[in-house]
>>> print(open('input_35.cif').read())   # mmCIF, C-alpha atoms and all ligand atoms
data_input
#
loop_
_atom_site.label_atom_id
_atom_site.label_comp_id
_atom_site.auth_asym_id
_atom_site.auth_seq_id
_atom_site.Cartn_x
_atom_site.Cartn_y
_atom_site.Cartn_z
CA MET A 117 21.29 -28.43 33.64
CA THR A 118 22.05 -30.08 30.34
CA SER A 119 20.06 -29.02 27.34
CA GLU A 120 20.38 -29.19 23.58
CA LEU A 121 19.49 -25.48 23.40
CA ALA A 122 22.14 -23.21 21.90
CA LEU A 123 21.35 -20.79 24.73
CA PHE A 124 23.02 -23.31 27.06
CA GLY A 125 25.87 -24.29 24.80
CA GLY A 126 24.14 -26.66 22.36
CA THR A 127 24.59 -26.46 18.59
CA PRO A 128 22.48 -23.72 16.97
CA VAL A 129 20.01 -24.74 14.27
CA ARG A 130 21.27 -22.01 11.95
CA THR A 131 24.59 -20.21 11.74
CA GLU A 132 24.15 -18.51 8.34
CA PRO A 133 22.66 -15.00 8.40
CA PHE A 134 19.37 -14.54 6.54
CA PRO A 135 19.69 -12.58 3.27
CA GLU A 136 19.47 -8.84 4.00
CA GLY A 137 18.87 -5.85 1.77
CA PRO A 138 17.82 -5.31 -1.83
CA ARG A 139 19.29 -7.18 -4.78
CA PHE A 140 20.31 -5.06 -7.74
CA ARG A 141 20.21 -6.31 -11.30
CA GLU A 142 22.53 -5.05 -14.05
CA ARG A 143 19.84 -2.62 -15.25
CA ASP A 144 19.52 -1.17 -11.72
CA LEU A 145 23.27 -0.69 -11.45
CA GLU A 146 23.25 1.06 -14.84
CA ARG A 147 20.58 3.45 -13.62
CA ILE A 148 22.64 4.24 -10.53
CA ARG A 149 25.79 4.65 -12.66
CA GLU A 150 23.94 7.09 -14.92
CA VAL A 151 23.22 9.33 -11.95
CA VAL A 152 26.79 9.09 -10.67
CA GLU A 153 28.21 9.89 -14.10
CA SER A 154 25.80 12.79 -14.60
CA GLY A 155 27.62 14.59 -11.79
CA ASN A 156 24.30 15.67 -10.30
CA LEU A 157 23.59 13.33 -7.37
CA GLY A 158 21.35 15.64 -5.40
CA GLY A 159 17.84 17.00 -5.21
CA ILE A 160 18.18 20.17 -7.26
CA PRO A 161 16.47 21.01 -9.56
CA PHE A 162 13.54 19.84 -7.50
CA PRO A 163 12.24 17.41 -8.60
CA ASN A 164 15.38 16.15 -10.30
CA ARG A 165 15.46 13.64 -13.16
CA ALA A 166 15.57 10.30 -11.24
CA HIS A 167 13.17 11.74 -8.69
CA ARG A 168 10.64 12.35 -11.48
CA GLU A 169 11.11 8.87 -12.92
CA PHE A 170 10.69 7.19 -9.54
CA ALA A 171 7.79 9.38 -8.39
CA GLU A 172 5.87 8.65 -11.57
CA LEU A 173 6.47 4.91 -11.23
CA PHE A 174 5.67 4.74 -7.51
CA CYS A 175 2.53 6.88 -7.81
CA GLY A 176 1.42 4.82 -10.80
CA ARG A 177 1.74 1.59 -8.81
CA LEU A 178 -0.05 3.08 -5.82
CA GLY A 179 -2.77 4.68 -7.91
CA ALA A 180 -1.87 8.00 -6.27
CA ARG A 181 -2.46 11.34 -7.91
CA HIS A 182 0.53 13.28 -6.55
CA GLY A 183 3.75 12.30 -4.86
CA VAL A 184 7.07 13.67 -3.65
CA PHE A 185 10.25 11.78 -2.81
CA LEU A 186 11.90 13.17 0.31
CA ALA A 187 14.53 12.60 2.97
CA ASN A 188 12.81 10.02 5.20
CA GLY A 189 9.51 8.80 6.56
CA THR A 190 9.60 10.94 9.70
CA VAL A 191 9.93 14.26 7.92
CA SER A 192 7.39 13.06 5.39
CA LEU A 193 4.80 12.89 8.19
CA SER A 194 5.71 16.38 9.47
CA VAL A 195 5.58 17.84 5.97
CA ALA A 196 2.23 16.16 5.35
CA LEU A 197 0.67 17.53 8.50
CA ARG A 198 1.78 21.05 7.69
CA ALA A 199 0.72 20.73 4.06
CA LEU A 200 -2.70 19.56 5.27
CA GLY A 201 -3.07 22.68 7.41
CA VAL A 202 -2.22 21.36 10.88
CA HIS A 203 -0.85 24.22 12.97
CA ALA A 204 1.04 24.63 16.25
CA GLY A 205 -1.21 23.65 19.16
CA ASP A 206 -3.58 21.51 17.09
CA GLU A 207 -4.17 18.02 18.44
CA VAL A 208 -3.31 15.00 16.32
CA ILE A 209 -4.56 11.57 17.34
CA THR A 210 -2.38 8.55 16.68
CA THR A 211 -1.74 5.05 17.95
CA GLY A 212 0.22 4.31 21.12
CA TYR A 213 1.83 1.29 19.46
CA THR A 214 4.16 2.43 16.69
CA TRP A 215 7.69 3.58 16.00
CA MET A 216 8.46 6.83 17.82
CA GLY A 217 8.83 8.67 14.49
CA THR A 218 5.06 8.66 13.94
CA ALA A 219 4.42 10.70 17.06
CA ALA A 220 7.72 12.65 16.96
CA ALA A 221 6.67 14.01 13.57
CA ILE A 222 3.61 15.54 15.25
CA VAL A 223 5.72 17.10 18.01
CA HIS A 224 8.27 18.39 15.50
CA ILE A 225 5.67 20.77 14.06
CA ASN A 226 4.64 21.91 17.55
CA ALA A 227 1.34 20.09 17.33
CA VAL A 228 0.08 18.04 20.27
CA PRO A 229 0.16 14.23 20.01
CA VAL A 230 -2.75 12.33 21.53
CA LEU A 231 -1.94 8.64 21.88
CA VAL A 232 -4.81 6.18 21.93
CA ASP A 233 -5.03 2.43 22.33
CA ILE A 234 -5.09 -0.26 19.67
CA ASP A 235 -7.64 -2.74 18.43
CA PRO A 236 -6.82 -6.07 20.15
CA ASN A 237 -7.44 -7.89 16.89
CA THR A 238 -5.15 -5.96 14.50
CA TRP A 239 -2.90 -3.95 16.86
CA CYS A 240 -3.66 -0.91 14.68
CA VAL A 241 -5.35 2.14 16.16
CA ASP A 242 -8.80 1.45 17.63
CA PRO A 243 -11.38 3.67 15.87
CA ALA A 244 -13.59 3.82 18.97
CA ALA A 245 -10.63 5.11 21.00
CA VAL A 246 -9.92 7.68 18.29
CA GLU A 247 -13.47 8.99 18.38
CA ALA A 248 -13.46 9.15 22.17
CA ALA A 249 -10.28 11.27 22.10
CA ILE A 250 -11.62 14.00 19.79
CA THR A 251 -11.74 17.50 21.28
CA PRO A 252 -12.43 20.91 19.70
CA ARG A 253 -8.66 21.17 19.11
CA THR A 254 -8.35 17.94 17.14
CA ARG A 255 -7.33 18.45 13.51
CA ALA A 256 -5.96 15.14 12.26
CA ILE A 257 -5.83 11.38 12.68
CA VAL A 258 -2.66 9.44 11.85
CA PRO A 259 -3.37 5.72 11.63
CA VAL A 260 -0.39 3.39 11.18
CA HIS A 261 -0.69 0.24 9.09
CA LEU A 262 1.39 -1.85 11.44
CA GLY A 263 3.48 -4.81 10.24
CA ASN A 264 1.27 -6.88 7.94
CA GLN A 265 -1.93 -5.26 9.21
CA ILE A 266 -4.13 -2.45 7.88
CA ALA A 267 -5.96 -0.05 10.19
CA ASP A 268 -9.75 0.00 9.82
CA LEU A 269 -9.89 2.69 7.17
CA ASP A 270 -13.67 2.50 6.73
CA ALA A 271 -14.26 3.40 10.36
CA LEU A 272 -11.47 6.00 10.52
CA LEU A 273 -12.54 7.81 7.35
CA ALA A 274 -16.15 7.90 8.57
CA ILE A 275 -15.03 9.43 11.88
CA ALA A 276 -12.89 11.97 10.03
CA ARG A 277 -15.79 12.99 7.80
CA LYS A 278 -18.13 13.31 10.76
CA HIS A 279 -15.74 15.54 12.72
CA ASP A 280 -14.13 17.36 9.78
CA LEU A 281 -10.63 15.99 10.39
CA VAL A 282 -7.86 15.11 7.97
CA VAL A 283 -6.44 11.58 7.76
CA LEU A 284 -2.75 10.97 7.16
CA GLU A 285 -1.95 7.29 6.70
CA ASP A 286 1.46 6.21 8.01
CA CYS A 287 2.37 3.51 5.48
CA ALA A 288 6.03 3.11 6.49
CA HIS A 289 5.43 -0.67 6.73
CA ALA A 290 2.84 -1.06 4.05
CA HIS A 291 4.04 -0.30 0.51
CA PHE A 292 1.42 -1.64 -1.94
CA ALA A 293 -0.77 -3.20 0.76
CA GLU A 294 -4.40 -2.93 -0.34
CA TRP A 295 -7.65 -2.14 1.43
CA ARG A 296 -10.67 -3.02 -0.72
CA GLY A 297 -8.44 -3.36 -3.77
CA GLN A 298 -6.90 0.10 -3.42
CA CYS A 299 -3.41 0.77 -2.08
CA VAL A 300 -3.05 2.18 1.40
CA GLY A 301 -1.86 5.75 1.40
CA THR A 302 -4.49 6.69 -1.18
CA HIS A 303 -7.54 6.35 1.08
CA GLY A 304 -6.83 9.30 3.36
CA ASP A 305 -5.93 12.90 2.54
CA ALA A 306 -2.26 11.89 2.39
CA GLY A 307 -0.06 8.82 2.82
CA SER A 308 3.53 8.62 4.01
CA PHE A 309 6.13 5.93 3.21
CA SER A 310 9.64 5.14 4.43
CA PHE A 311 12.62 3.71 2.52
CA GLU A 312 14.88 3.38 5.56
CA SER A 313 17.27 0.40 5.48
CA SER A 314 15.01 -2.17 7.13
CA LYS A 315 12.01 -1.45 4.93
CA ILE A 316 10.56 -3.60 2.17
CA MET A 317 12.12 -1.19 -0.36
CA THR A 318 15.08 0.94 0.58
CA SER A 319 17.40 3.67 -0.59
CA GLY A 320 19.32 3.52 2.71
CA GLU A 321 17.19 6.42 3.91
CA GLY A 322 14.29 8.03 2.09
CA GLY A 323 10.58 8.73 2.22
CA PHE A 324 7.62 9.43 0.00
CA LEU A 325 4.46 11.45 0.48
CA VAL A 326 1.34 11.05 -1.62
CA SER A 327 -1.48 13.59 -1.51
CA ARG A 328 -5.04 13.45 -2.68
CA GLU A 329 -5.36 17.18 -3.44
CA GLU A 330 -3.09 19.10 -5.76
CA THR A 331 -2.79 22.00 -3.34
CA THR A 332 -1.61 19.70 -0.55
CA HIS A 333 1.01 18.33 -2.91
CA HIS A 334 2.16 21.80 -3.98
CA ARG A 335 2.48 22.86 -0.37
CA ALA A 336 4.44 19.70 0.40
CA MET A 337 6.80 20.28 -2.53
CA SER A 338 7.43 23.79 -1.33
CA LEU A 339 7.93 22.77 2.32
CA VAL A 340 10.48 20.12 1.31
CA ASN A 341 12.37 22.55 -0.92
CA CYS A 342 13.14 25.33 1.61
CA GLY A 343 9.77 27.03 1.03
CA ARG A 344 10.45 27.76 -2.63
CA LYS A 345 7.47 28.16 -4.92
CA GLU A 346 8.43 27.04 -8.37
CA GLU A 347 6.50 26.58 -11.53
CA GLY A 348 4.61 23.32 -11.13
CA TYR A 349 4.04 23.69 -7.40
CA ASP A 350 2.96 27.25 -6.89
CA SER A 351 -0.83 26.98 -6.82
CA PHE A 352 -1.31 27.98 -3.18
CA GLU A 353 -1.53 31.39 -1.53
CA GLY A 354 1.36 32.86 0.43
CA ARG A 355 4.58 31.29 1.62
CA MET A 356 5.59 28.84 4.35
CA LEU A 357 8.89 28.41 6.15
CA GLY A 358 10.26 25.21 4.68
CA TRP A 359 12.98 22.68 5.35
CA ASN A 360 15.56 21.12 3.09
CA ASN A 361 14.05 17.65 3.12
CA ARG A 362 14.73 16.84 -0.50
CA GLY A 363 15.37 13.24 -1.51
CA THR A 364 18.41 12.90 -3.73
CA ASP A 365 18.58 11.56 -7.27
CA LEU A 366 21.14 8.99 -6.19
CA GLN A 367 18.63 7.59 -3.67
CA ALA A 368 15.77 7.66 -6.18
CA ALA A 369 17.84 5.65 -8.64
CA PHE A 370 18.11 2.77 -6.15
CA LEU A 371 14.35 2.47 -5.85
CA VAL A 372 13.09 2.12 -9.42
CA GLY A 373 14.29 -1.47 -9.78
CA GLN A 374 12.86 -2.41 -6.39
CA VAL A 375 9.40 -1.36 -7.53
CA GLU A 376 9.83 -3.43 -10.69
CA GLN A 377 10.93 -6.50 -8.66
CA HIS A 378 8.38 -6.06 -5.91
CA ASP A 379 5.68 -8.46 -7.04
CA GLU A 380 8.05 -11.36 -7.57
CA LEU A 381 9.54 -10.98 -4.07
CA HIS A 382 6.10 -10.41 -2.59
CA ALA A 383 4.84 -13.70 -4.02
CA ARG A 384 7.78 -15.56 -2.48
CA ARG A 385 7.22 -13.91 0.91
CA LYS A 386 3.51 -14.64 0.81
CA SER A 387 4.14 -18.31 0.24
CA ASN A 388 6.80 -18.37 3.02
CA VAL A 389 4.43 -16.59 5.42
CA GLU A 390 1.78 -19.24 4.73
CA LEU A 391 4.28 -22.01 5.52
CA LEU A 392 5.47 -20.23 8.64
CA THR A 393 1.98 -19.58 9.94
CA LYS A 394 0.94 -23.18 9.37
CA GLY A 395 4.05 -24.47 11.13
CA LEU A 396 3.82 -22.09 14.08
CA THR A 397 0.15 -22.92 14.53
CA GLU A 398 1.01 -26.62 14.66
CA ILE A 399 3.73 -26.03 17.25
CA GLY A 400 1.29 -23.91 19.24
CA GLY A 401 1.39 -20.67 21.19
CA PHE A 402 1.74 -18.42 18.11
CA THR A 403 -1.43 -17.07 16.50
CA PRO A 404 -1.38 -14.81 13.46
CA VAL A 405 -2.54 -11.29 14.32
CA GLY A 406 -5.57 -10.05 12.36
CA ASP A 407 -8.36 -12.23 11.10
CA ASP A 408 -9.24 -12.86 7.48
CA ASP A 409 -10.85 -9.46 7.04
CA PRO A 410 -12.01 -9.52 3.40
CA ARG A 411 -11.43 -5.76 3.18
CA VAL A 412 -7.68 -6.45 3.38
CA THR A 413 -7.18 -7.51 -0.22
CA ARG A 414 -3.38 -7.54 -0.12
CA ARG A 415 -1.04 -7.65 2.84
CA GLN A 416 2.53 -6.40 2.86
CA TYR A 417 5.10 -8.41 4.82
CA TYR A 418 7.58 -5.84 6.11
CA GLU A 419 7.05 -7.51 9.48
CA VAL A 420 4.63 -10.34 10.12
CA LEU A 421 2.88 -10.18 13.47
CA TYR A 422 2.10 -13.14 15.72
CA ARG A 423 0.52 -13.18 19.15
CA PHE A 424 2.45 -15.27 21.66
CA ASP A 425 0.52 -17.11 24.35
CA ALA A 426 2.81 -17.91 27.29
CA GLU A 427 0.23 -20.25 28.79
CA GLN A 428 0.80 -22.63 25.91
CA TRP A 429 4.51 -22.49 26.64
CA GLY A 430 4.23 -23.50 30.27
CA GLY A 431 4.15 -19.91 31.47
CA VAL A 432 7.56 -19.04 30.00
CA HIS A 433 7.67 -15.38 28.95
CA ARG A 434 7.91 -14.36 25.31
CA ASP A 435 11.25 -12.62 25.87
CA ARG A 436 12.85 -15.79 27.19
CA VAL A 437 11.58 -17.76 24.21
CA LEU A 438 12.89 -15.12 21.78
CA GLU A 439 16.25 -15.17 23.55
CA ALA A 440 16.48 -18.93 23.09
CA LEU A 441 15.46 -18.62 19.44
CA LEU A 442 18.07 -15.95 18.80
CA ALA A 443 20.71 -18.31 20.15
CA GLU A 444 19.45 -20.85 17.59
CA GLY A 445 20.13 -18.29 14.83
CA VAL A 446 16.53 -17.10 14.35
CA GLU A 447 15.79 -13.52 15.30
CA PHE A 448 12.11 -12.90 16.05
CA GLU A 449 11.59 -9.56 17.77
CA GLY A 450 9.38 -8.42 20.62
CA ILE A 451 9.88 -5.34 22.75
CA THR A 452 12.44 -3.85 20.35
CA PHE A 453 9.49 -3.47 17.92
CA TYR A 454 8.17 -1.39 19.87
CA PRO A 455 7.69 -0.29 23.48
CA PRO A 456 4.32 1.44 23.82
CA LEU A 457 5.06 5.07 23.01
CA HIS A 458 4.10 6.51 26.40
CA ARG A 459 6.76 4.26 27.93
CA ASP A 460 9.36 4.64 25.18
CA SER A 461 12.52 6.44 26.33
CA LEU A 462 13.02 7.69 22.76
CA PHE A 463 9.71 9.54 22.96
CA THR A 464 10.86 12.17 25.44
CA VAL A 465 8.77 15.31 25.11
CA SER A 466 9.09 18.32 27.41
CA ALA A 467 7.25 21.65 27.33
CA GLN A 468 10.59 23.45 27.55
CA ASP A 469 11.38 22.27 24.02
CA TRP A 470 7.84 21.80 22.69
CA PRO A 471 5.78 24.45 24.48
CA MET A 472 2.47 23.63 22.81
CA ILE A 473 2.13 20.42 24.84
CA ARG A 474 1.91 22.39 28.12
CA ASP A 475 -1.83 23.02 28.10
CA ARG A 476 -2.65 19.37 27.83
CA TYR A 477 0.29 17.64 29.53
CA GLY A 478 2.08 20.16 31.79
CA ASP A 479 5.92 20.09 31.82
CA HIS A 480 6.32 16.63 30.34
CA LEU A 481 4.37 14.12 28.41
CA GLY A 482 4.62 10.85 30.35
CA PRO A 483 3.19 7.41 31.07
CA GLU A 484 0.67 8.85 33.52
CA ASP A 485 -0.97 10.82 30.70
CA PHE A 486 -2.25 7.73 28.90
CA HIS A 487 -4.13 4.51 29.58
CA LEU A 488 -3.14 2.03 26.86
CA PRO A 489 -3.58 -1.48 28.28
CA VAL A 490 -3.92 -3.26 24.93
CA SER A 491 -0.74 -1.62 23.60
CA GLU A 492 1.09 -2.54 26.79
CA ARG A 493 0.03 -6.17 26.64
CA ALA A 494 1.02 -6.43 22.97
CA ALA A 495 4.37 -4.73 23.48
CA PHE A 496 5.47 -6.27 26.75
CA ASP A 497 4.02 -9.79 26.55
CA GLU A 498 2.42 -10.90 23.33
CA SER A 499 3.91 -9.46 20.16
CA VAL A 500 6.30 -11.41 17.99
CA TRP A 501 7.58 -9.63 14.88
CA VAL A 502 9.10 -11.55 11.99
CA HIS A 503 11.11 -9.39 9.59
CA HIS A 504 10.87 -9.87 5.83
CA SER A 505 14.55 -10.82 5.60
CA LEU A 506 13.62 -14.16 7.21
CA LEU A 507 10.90 -14.67 4.62
CA THR A 508 12.56 -13.67 1.35
CA GLY A 509 14.79 -16.70 0.84
CA PRO A 510 13.90 -20.28 -0.15
CA ALA A 511 11.22 -22.29 1.66
CA SER A 512 14.06 -24.21 3.34
CA ASP A 513 14.70 -21.05 5.41
CA VAL A 514 11.20 -21.40 6.84
CA ASP A 515 11.83 -25.10 7.55
CA GLN A 516 14.88 -24.10 9.56
CA ILE A 517 12.97 -21.39 11.43
CA LEU A 518 10.31 -23.93 12.35
CA GLU A 519 12.95 -26.45 13.35
CA ALA A 520 14.39 -23.85 15.73
CA VAL A 521 10.99 -23.01 17.22
CA ALA A 522 10.15 -26.69 17.65
CA LYS A 523 13.50 -27.29 19.33
CA VAL A 524 12.94 -24.46 21.79
CA ARG A 525 9.41 -25.72 22.42
CA ARG A 526 10.73 -29.22 23.15
CA ASN A 527 13.12 -27.77 25.69
CA VAL A 528 10.77 -25.23 27.23
CA ASP A 529 11.28 -26.61 30.73
CA ALA A 530 14.94 -25.60 30.56
CA LEU A 531 13.87 -21.96 30.05
CA ARG A 532 12.04 -21.55 33.32
C1 LIG A 601 5.54 3.23 11.53
C2 LIG A 601 6.69 4.10 11.14
N1 LIG A 601 6.47 5.41 10.92
C3 LIG A 601 7.46 6.24 10.57
C4 LIG A 601 8.74 5.79 10.39
C5 LIG A 601 9.80 6.76 10.05
O1 LIG A 601 10.47 6.49 8.90
P1 LIG A 601 12.01 6.90 8.73
O2 LIG A 601 12.82 5.93 9.52
O3 LIG A 601 12.23 6.77 7.26
O4 LIG A 601 12.15 8.29 9.20
C6 LIG A 601 9.01 4.43 10.58
C7 LIG A 601 10.33 3.84 10.35
O5 LIG A 601 11.28 3.73 10.63
C8 LIG A 601 7.97 3.56 10.99
O6 LIG A 601 8.21 2.28 11.22
#
>>> encode(input="input_35.cif", output="structure tokens")
Amino acid sequence: MTSELALFGGTPVRTEPFPEGPRFRERDLERIREVVESGNLGGIPFPNRAHREFAELFCGRLGARHGVFLANGTVSLSVALRALGVHAGDEVITTGYTWMGTAAAIVHINAVPVLVDIDPNTWCVDPAAVEAAITPRTRAIVPVHLGNQIADLDALLAIARKHDLVVLEDCAHAHFAEWRGQCVGTHGDAGSFSFESSKIMTSGEGGFLVSREETTHHRAMSLVNCGRKEEGYDSFEGRMLGWNNRGTDLQAAFLVGQVEQHDELHARRKSNVELLTKGLTEIGGFTPVGDDDPRVTRRQYYEVLYRFDAEQWGGVHRDRVLEALLAEGVEFEGITFYPPLHRDSLFTVSAQDWPMIRDRYGDHLGPEDFHLPVSERAAFDESVWVHHSLLTGPASDVDQILEAVAKVRRNVDALR
């Protein structure tokens, strides 16, 4: 069959990679050089100098009371749960549609993850499913603000109040996104962020935990710093076995400038997302996820979520369309972001290693333990994730993306 599609040997629409990673200005490089020349790159004393500078800036922008910079977003969630008083054997409810780290962090403290389905509108955790999953052992809810969406914090906080549970917001995707004019991460008892390489701000690896209560913060500081209690974070009773999860000063130095530049890049992405959404809607088969919920007063664009409708593409599956687009030089993602957790091979949990799951799940936690049809449909058939690297360049990048999608659409019969 002859076709103009690059998948079948035609000329790709785009051969240049999209711009990746943060851009550093001279002032940012100076800040990094200062840390290098100081000879103290690490996390001790804790918090170290660049850590303090960054934590103050990041908390100030979030409107958060207390914050700690730490090794990554996964350990940040584990530290938060322990700081909030979640113990081995306690149940923690989270979404079935997220990166494995969200649920692994629960397992890593020997708590018991309970995966529930998502809201078909936002693909964030469904509050009704959360409430239905509460048992006398439930201690915490971990909503994830997925892609450019925000979980229904009003409903989740009301459920938490009613059942005396703590709420830990997983904001790994959602730096500076706002619900009712207030940044996510500051609505619940604690909020966790990631600065891993793909994120909207990055120090290569890194994480941040904000806490509402001072005692939670002091416990978190201690847990991150090998259980030490030092002046400034010693307000709680007793001691806890900690980890070394300290973020380093070298990492912190990379982040200050990214906070300063955030709004400028965000404005560019917002305008590119509007162009992309308009163009995809005209081509057909791609609908933006989430409606115009007025409670979402600012979206973040780590990944922008679209719902693919194969019927409008002659029954051709999403994966085939994404494969053809990739050949055209445009990488939209589907199943890689993410399989539903109960079917994710990375989320392998056995009672031999994590004995507290045995009561609820037996020897292994597996697909048969959960019924998550909305997560499955999103993950396997509908979801299309567009990474911010495709949306940070000039508007002509979006024109090219749309040209590629239109080309694939024109040739859809060749994909059957
Ligand atoms: C939703 C979500 N939660 C948690 C994490 C864990 O963050 P990290 O990779 O920094 O450990 C990630 C990111 O990778 C994520 O996407």
>>> closest_residue(input="input_35.cif", among="A:Leu438, A:Ala248, A:Met317, A:Val230", to="ligand LIG 601 (chain A)", atoms="all atoms listed in the file")
A:Met317
>>> residues_near_ligand(input="input_35.cif", ligand="ligand LIG 601 (chain A)", cutoff="7 Å", atoms="all atoms listed in the file", output="list of chain:residue names")
A:Asn188, A:Gly189, A:Thr190, A:Val191, A:Thr214, A:Trp215, A:Gly217, A:Thr218, A:Val260, A:Leu262, A:Asp286, A:Cys287, A:Ala288, A:His289, A:Ser310, A:Phe311, A:Glu312, A:Glu321, A:Gly322, A:Gly323
>>> closest_residue(input="input_35.cif", among="A:Val412, A:Val528, A:Ala227, A:Cys175", to="Leu325 in chain A", atoms="all atoms listed in the file")
A:Cys175
>>> residues_near_point(input="input_35.cif", point="(1.2, 6.9, 25.6)", cutoff="8 Å", atoms="all atoms listed in the file", output="list in words")
Gly212, Val230, Leu231, Val232, Pro456, Leu457, His458, Arg459, Gly482, Pro483, Asp485, Phe486, His487 and Leu488 of chain A
>>> atom_distance(input="input_35.cif", atom1="CA of Leu145 in chain A", atom2="CA of Ala511 in chain A")
28.0 Å
>>> residues_around(input="input_35.cif", residues="Asp233 in chain A", least_positions_apart="3", cutoff="10 Å", atoms="all atoms listed in the file", output="PyMOL selection string")
chain A and resi 210-213+236+239-246+456+486-492
>>> atom_distance(input="input_35.cif", atom1="CA of Val372 in chain A", atom2="CA of Cys299 in chain A")
18.1 Å
>>> residues_around(input="input_35.cif", residues="Ala290 in chain A", least_positions_apart="3", cutoff="8 Å", atoms="all atoms listed in the file", output="JSON, numbers by chain")
{"A": [261, 262, 263, 264, 287, 293, 300, 309, 415, 416, 417, 418]}
>>> residues_around(input="input_35.cif", residues="Thr254 in chain A", least_positions_apart="5", cutoff="8 Å", atoms="all atoms listed in the file", output="list in words")
Asp206, Glu207, Val208, Ile209 and Leu281 of chain A
>>> atom_distance(input="input_35.cif", atom1="CA of Leu284 in chain A", atom2="CA of Ala467 in chain A")
24.9 Å
